[in-house]
Amino acid sequence: MKFFQYGNEGYKSILDPRTKLLLLIVINVVIIGTGFTGTDYVLRVICAVIPFVLFLMIRRFRTALLYALVCGFMLLAERFLFPSTHGVLNLIIVITLGPFSRILVGYAFAYYMMCSTTVSEFVTAMKRMRVPDAISIPLSVMFRFFPTLAEENRAIRDAMRLRGIRLTGKNGGLLRQIEYEVVPLMMSTLRIGDELSAASLTKGLNAGRPRTHICHVKMEIWDWALVLLSLGFLFYMLVLR
Amino acid sequence: MIKLQNVSFHYKNTDAFGKQQRTRGVDELSLIIQKGEFVVLAGDSGCGKTTVTRLINGLVPHYYEGELTGSATVCGLDVASSGIGDLSPHVGSVFQNPRSQFFNVDTTSELAFASENLCVEPKEIHRSIRRVAEEMKLENLMDRSIFALSGGEKQKIACASVAVAEPEIMVLDEPSSNLDEAGVEELRRVLALWKNKGRTIVVAEHRLYYLADLADRLILLKDGRIAEAFDASAVAAMTEADTASRGLRALRKVPLTEPGQQSGRPDEDALICRDFDFHYKHSENGIYFAEKQFRRGAVTAIVGHNGAGKSTFARVLCGLEKRAKGTVQFDGRDWPVKKRPALCYMIMQDVNHQLFTDSVLEEVMLSMPVTIPEAHRREQALTVLDKLDLLPLKDIHPMALSGGQKQRVAIASGVVSENPILLFDEPTSGLDLKHMRQVADLFRLLKEEGRTVLVITHDTELVHEIADGVVSFS
């Protein structure tokens, strides 16, 4: 129900959106670029712990628990299962788990970012970084886009079930299913996007003009600590390694 | 305040066959609205009332393209030569669809959004938000995720977000379409508040009963022109016959007919639902009841306020909720969850979600069992399309049709599916009288065919018009 959807009711996120963006990049660089031994592995574990702690801080306890279980398993598999198996078995494990272990942490962090950041915080932070509106406004719409897409998709899937369109059976087949799902999804996304632009324009959203903001976006001590950590990681990845 | 002089506007678009065409918005229309006036625009779909609201907020001609002639001025600004951004400080707009009018994901930011764009000082914005929250009783909606709000709450936030920036003019385009009775009442209170504060208010709307006491002027549009205008006393004097003959929805609240068919006598033939028990995960919403009956071959209205479980009931009855408990009896047999898609066909509120193929004919044939030979299926589909006035459109892509036509295609798919029960979720939300009557006629047609029709609706006029019985959820 809450796919990539803002839900920070009552608890303000303590991180600045800029820190989140930097962390998103660094975590992905580390997780995709490191091996499973020595210092590399230590870095992986540190990066993997970050989303867990952040989930706890926005009180997403169930998400945190689920993430800890899956991610813990992945980390153990990387350390012990990958090197200790050989031949075909190793190939199967690496092919099935490998790609997953390279995206899981980044995905979890992106998820955290989406559910803890408001559009106005994001736009304000982008403005501080002097990112032009032509980039920051379309990017900020993504915070609405994913949840809306998920909502629409759910309704369309229900409608398909009512019509008896499934992977198997009458009117079945994967290709047809995709076609039937994508066409209405695209149409309703277009329509919603169109109406949303109209509504935003009437509220005076106008690229390139100055605007004020009521949200507090400020780099705090936590942010600087994480920025330092990120820079350290980047230094290791780009220079030391 | 608002001055339209001989304004004509034609939208540029493509028709269902892909040809370029011009659709009339308004035609040689002249209208002057004074400061502090409350004007209601009414008329059939496509009569031009939405275009008038768009002329006021600048979406016409700056967002929706077309040809504009004549002169339109709002607060002394010429609409044609000033941008939407120049008009936005003076005009606040509320739209029909609560899903697509918020730029932000949280309520407080949305309330601040319009003022932020005007470069108002943050302190000042906070003060305005507090004032509006108090006036409109929004305290429990502050700092919430917009995704977690109900339709009525979203529309309240939409109104409030306009009010924070304090524009002189408010335009609302069918704001009540997606609201239940309680939501409409909230909306009415907000409008009364604005009227008392001397705002100029323009509402384009089908549902009129909640506006009758507020309107200083009711303007009836027809084919892009003003057909008739009534001042407050004329509105108060209008009778039911007066509104009906002009194709208008009722000016007074139509009371809900009391549940008739709910005698204790067990009806062997009826659709009987027993011991329903279902709750969504992580949510308090759900349904629980011991027994409900729906007469076979009749139209039964399902009513109740938002959140009473009407839609949940529909999902359970159609077999969309696998974990649902309860039995369904119809036609002398039990229908377990897995079999229910063959029992009950739902026409959703947003029919865009249930049209999948690239032509109307194919769409209808998709619902028929493949065991029937193709030629036979085609023939049967054509018969049904003919009955629903869709035959000329059979080769057109369903997404290119108008809202009402799409709904009829969805109904046609339900008719050929041979499901004995057809369930409609809010089929008349946002429809004018003529189209509402059309839907009612379709129900009569389905009844003649021997189908059992269930209608989830807030529309008491529809219930009054067609329902044989009423089942209420609470």
# chains A, B, ... in the order shown; residues from 1 in each chain; ligands from 1
>>> closest_atom_pairs(of="chain B", to="chain A", cutoff="8 Å", atoms="only C-alpha atoms", output="tab-separated table")
residue	atom	partner	partner_atom	distance
B:Asn57	CA	A:Thr202	CA	6.6
B:Gly58	CA	A:Thr202	CA	7.8
B:Leu59	CA	A:Ala198	CA	7.0
B:Tyr63	CA	A:Ala198	CA	7.1
B:Ile84	CA	A:Thr202	CA	6.3
B:Gly85	CA	A:Gly204	CA	5.0
B:Asp86	CA	A:Gly204	CA	8.0
B:Leu87	CA	A:Thr202	CA	7.9
B:Ser88	CA	A:Gly204	CA	5.3
B:Pro89	CA	A:Gly204	CA	7.2
B:Val91	CA	A:Thr202	CA	7.8
B:Gly92	CA	A:Thr202	CA	7.0
B:Ser93	CA	A:Thr202	CA	6.6
B:Phe95	CA	A:Ala199	CA	7.6
B:Arg99	CA	A:Ile192	CA	7.7
B:Ser100	CA	A:Leu196	CA	5.0
B:Gln101	CA	A:Leu196	CA	5.2
B:Phe102	CA	A:Leu196	CA	6.8
B:Phe103	CA	A:Ser200	CA	6.3
B:Asn104	CA	A:Val119	CA	5.3
B:Val105	CA	A:Thr118	CA	6.0
B:Asp106	CA	A:Thr118	CA	6.5
B:Ser109	CA	A:Ser120	CA	6.4
B:Ala112	CA	A:Ile214	CA	7.2
B:Phe113	CA	A:Lys203	CA	7.4
B:Ala114	CA	A:Lys203	CA	4.9
B:Glu116	CA	A:Thr212	CA	4.8
B:Asn117	CA	A:Arg211	CA	4.9
B:Leu118	CA	A:Arg211	CA	6.4
B:Cys119	CA	A:Arg211	CA	4.7
B:Val120	CA	A:Thr212	CA	6.5
B:Glu121	CA	A:Thr212	CA	6.7
B:Pro122	CA	A:Ile214	CA	5.0
B:Lys123	CA	A:Ile214	CA	7.9
B:Ile125	CA	A:Ile214	CA	7.4
B:His126	CA	A:Ile214	CA	7.5
B:Asp143	CA	A:Glu9	CA	6.3
B:Arg144	CA	A:Glu9	CA	5.3
B:Ser145	CA	A:Gly7	CA	5.4
B:Phe147	CA	A:Tyr6	CA	7.6
B:Ala148	CA	A:Gly7	CA	8.0
B:Val162	CA	A:Lys203	CA	7.8
B:Cys318	CA	A:Leu162	CA	7.3
B:Leu320	CA	A:Asp158	CA	6.8
B:Pro341	CA	A:Leu162	CA	5.7
B:Tyr345	CA	A:Leu162	CA	6.8
B:Met346	CA	A:Leu162	CA	7.4
B:Asn352	CA	A:Pro184	CA	6.5
B:His353	CA	A:Ile156	CA	4.9
B:Gln354	CA	A:Ala159	CA	5.2
B:Leu355	CA	A:Pro184	CA	6.8
B:Phe356	CA	A:Tyr180	CA	4.8
B:Thr357	CA	A:Tyr180	CA	6.7
B:Leu366	CA	A:Asn171	CA	7.4
B:Ser367	CA	A:Arg163	CA	6.2
B:Pro369	CA	A:Lys170	CA	7.4
B:Val370	CA	A:Lys170	CA	6.8
B:Met399	CA	A:Met187	CA	7.7
>>> write_last_selection(atoms="C-alpha atoms", output="compact mmCIF listing (two decimals), in the first residue's frame")
# COMPACT_ATOMS: atom_id res chain seq x y z
CA ASN B 57 -7.46 31.54 -14.29
CA GLY B 58 -5.65 31.80 -17.61
CA LEU B 59 -5.40 28.08 -18.40
CA TYR B 63 -2.25 26.00 -21.19
CA ILE B 84 -1.02 32.27 -15.93
CA GLY B 85 1.66 33.42 -13.51
CA ASP B 86 0.43 37.02 -13.64
CA LEU B 87 -3.13 35.96 -12.92
CA SER B 88 -2.26 33.47 -10.17
CA PRO B 89 -1.92 36.07 -7.37
CA VAL B 91 -7.21 33.90 -8.88
CA GLY B 92 -7.24 30.69 -6.85
CA SER B 93 -8.41 27.49 -8.55
CA PHE B 95 -10.30 21.36 -9.54
CA ARG B 99 -5.72 12.84 -7.08
CA SER B 100 -4.07 15.29 -9.41
CA GLN B 101 -4.10 18.79 -7.95
CA PHE B 102 -1.34 18.65 -5.37
CA PHE B 103 2.25 19.44 -6.16
CA ASN B 104 3.45 18.45 -2.69
CA VAL B 105 3.28 15.20 -0.76
CA ASP B 106 2.46 16.72 2.63
CA SER B 109 3.75 22.40 2.26
CA ALA B 112 2.18 27.17 1.72
CA PHE B 113 2.88 26.42 -1.92
CA ALA B 114 0.97 29.23 -3.65
CA GLU B 116 5.84 30.58 -1.55
CA ASN B 117 5.57 31.07 -5.29
CA LEU B 118 4.52 34.67 -4.62
CA CYS B 119 7.63 35.22 -2.48
CA VAL B 120 5.66 35.93 0.69
CA GLU B 121 7.78 36.03 3.85
CA PRO B 122 7.86 32.61 5.60
CA LYS B 123 6.66 34.16 8.88
CA ILE B 125 2.89 32.33 5.40
CA HIS B 126 2.92 30.52 8.74
CA ASP B 143 1.55 17.88 8.68
CA ARG B 144 -0.09 14.84 7.16
CA SER B 145 0.90 12.82 4.14
CA PHE B 147 -1.62 10.07 0.26
CA ALA B 148 -3.21 9.13 3.57
CA VAL B 162 -6.08 28.34 -2.34
CA CYS B 318 -16.25 -9.67 -7.14
CA LEU B 320 -10.86 -9.43 -5.59
CA PRO B 341 -15.37 -13.17 -10.99
CA TYR B 345 -18.86 -7.84 -13.03
CA MET B 346 -17.81 -4.45 -11.71
CA ASN B 352 -10.02 4.29 -17.77
CA HIS B 353 -8.57 1.49 -15.69
CA GLN B 354 -10.57 -1.23 -17.32
CA LEU B 355 -10.18 -0.62 -21.05
CA PHE B 356 -7.25 -2.55 -22.48
CA THR B 357 -7.48 -3.21 -26.19
CA LEU B 366 -12.38 -9.79 -24.85
CA SER B 367 -15.00 -10.48 -22.21
CA PRO B 369 -15.32 -17.03 -23.45
CA VAL B 370 -12.90 -18.13 -26.22
CA MET B 399 -9.10 5.72 -24.96
>>> residues_around(residues="B:Phe473", least_positions_apart="6", cutoff="10 Å", atoms="only C-alpha atoms", output="list in words")
Ile287, Phe289, Lys292, Ile302, Val303, Gly304, His305, Asn306, Gly307, Ala308, Gly309, Lys310 and Phe313 of chain B
>>> write_last_selection(atoms="N, CA and C atoms", output="PDB file, in the first residue's frame")
ATOM      1  N   ILE B 287     -15.153  -4.501   6.386  1.00  0.00           N
ATOM      2  CA  ILE B 287     -16.592  -4.671   6.580  1.00  0.00           C
ATOM      3  C   ILE B 287     -16.859  -5.865   7.478  1.00  0.00           C
ATOM      4  N   PHE B 289     -20.627  -7.854   8.512  1.00  0.00           N
ATOM      5  CA  PHE B 289     -22.082  -7.894   8.705  1.00  0.00           C
ATOM      6  C   PHE B 289     -22.585  -9.332   8.632  1.00  0.00           C
ATOM      7  N   LYS B 292     -26.937  -9.658   4.139  1.00  0.00           N
ATOM      8  CA  LYS B 292     -27.546  -8.635   3.294  1.00  0.00           C
ATOM      9  C   LYS B 292     -28.131  -9.332   2.065  1.00  0.00           C
ATOM     10  N   ILE B 302     -26.688   0.818  -3.284  1.00  0.00           N
ATOM     11  CA  ILE B 302     -25.931   0.610  -2.060  1.00  0.00           C
ATOM     12  C   ILE B 302     -25.450   1.972  -1.599  1.00  0.00           C
ATOM     13  N   VAL B 303     -25.908   2.414  -0.443  1.00  0.00           N
ATOM     14  CA  VAL B 303     -25.565   3.757   0.017  1.00  0.00           C
ATOM     15  C   VAL B 303     -24.852   3.696   1.362  1.00  0.00           C
ATOM     16  N   GLY B 304     -24.311   4.813   1.780  1.00  0.00           N
ATOM     17  CA  GLY B 304     -23.579   4.891   3.041  1.00  0.00           C
ATOM     18  C   GLY B 304     -22.484   5.920   2.891  1.00  0.00           C
ATOM     19  N   HIS B 305     -22.007   6.473   4.005  1.00  0.00           N
ATOM     20  CA  HIS B 305     -20.997   7.524   3.894  1.00  0.00           C
ATOM     21  C   HIS B 305     -19.639   6.926   3.501  1.00  0.00           C
ATOM     22  N   ASN B 306     -18.712   7.785   3.135  1.00  0.00           N
ATOM     23  CA  ASN B 306     -17.372   7.327   2.776  1.00  0.00           C
ATOM     24  C   ASN B 306     -16.769   6.548   3.935  1.00  0.00           C
ATOM     25  N   GLY B 307     -16.128   5.435   3.611  1.00  0.00           N
ATOM     26  CA  GLY B 307     -15.481   4.655   4.659  1.00  0.00           C
ATOM     27  C   GLY B 307     -16.409   3.666   5.332  1.00  0.00           C
ATOM     28  N   ALA B 308     -17.669   3.569   4.854  1.00  0.00           N
ATOM     29  CA  ALA B 308     -18.601   2.625   5.469  1.00  0.00           C
ATOM     30  C   ALA B 308     -18.390   1.211   4.935  1.00  0.00           C
ATOM     31  N   GLY B 309     -17.553   1.060   3.924  1.00  0.00           N
ATOM     32  CA  GLY B 309     -17.235  -0.274   3.433  1.00  0.00           C
ATOM     33  C   GLY B 309     -17.949  -0.659   2.150  1.00  0.00           C
ATOM     34  N   LYS B 310     -18.524   0.307   1.439  1.00  0.00           N
ATOM     35  CA  LYS B 310     -19.235  -0.025   0.206  1.00  0.00           C
ATOM     36  C   LYS B 310     -18.289  -0.592  -0.852  1.00  0.00           C
ATOM     37  N   PHE B 313     -17.015  -3.967   0.098  1.00  0.00           N
ATOM     38  CA  PHE B 313     -18.035  -4.969  -0.190  1.00  0.00           C
ATOM     39  C   PHE B 313     -17.993  -5.363  -1.664  1.00  0.00           C
TER      40      PHE B 313
END
>>> atom_distance(atom1="atom CA of B:Ala133", atom2="atom CA of B:Gly183")
17.0 Å
>>> residues_around(residues="B:Asp275", least_positions_apart="4", cutoff="8 Å", atoms="only C-alpha atoms", output="list in words")
Tyr288, Phe289, Ala290, Glu291, Lys325, Gly326 and Thr327 of chain B
>>> closest_residue(among="A:Leu21, A:Leu231, A:Ile14, A:Ile31", to="A:Val53", atoms="only C-alpha atoms")
A:Ile14
>>> residues_around(residues="A:Thr96", least_positions_apart="6", cutoff="12 Å", atoms="only C-alpha atoms", output="list in words")
Met74, Ala77, Phe82, Leu89, Asn90 and Arg102 of chain A
>>> atom_distance(atom1="atom CA of B:Leu111", atom2="atom CA of B:Val164")
6.4 Å
>>> residues_around(residues="B:Leu423", least_positions_apart="5", cutoff="7 Å", atoms="only C-alpha atoms", output="list in words")
Cys344, Tyr345, Met346, Ile347, Val453, Leu454 and Val455 of chain B
>>> closest_residue(among="A:Pro17, A:Gly38, A:Pro138, A:Gly106", to="A:Phe52", atoms="only C-alpha atoms")
A:Gly106
>>> atom_distance(atom1="atom CA of A:Leu234", atom2="atom CA of A:Ile95")
27.4 Å
>>> select_by_dssp(residues="stretch 45-105 of chain B", states="strand (DSSP E or B)", output="number ranges by chain")
B: 66-74, 77-78, 91-94
>>> closest_residue(among="B:Gly469, B:Gly48, B:Gly430, B:Gly319", to="B:Phe294", atoms="only C-alpha atoms")
B:Gly469
>>> select_by_dssp(residues="stretch 96-241 of chain A", states="alpha helix (DSSP H)", output="PyMOL selection string")
chain A and resi 96-116+119-128+133-163+174-202+221-235
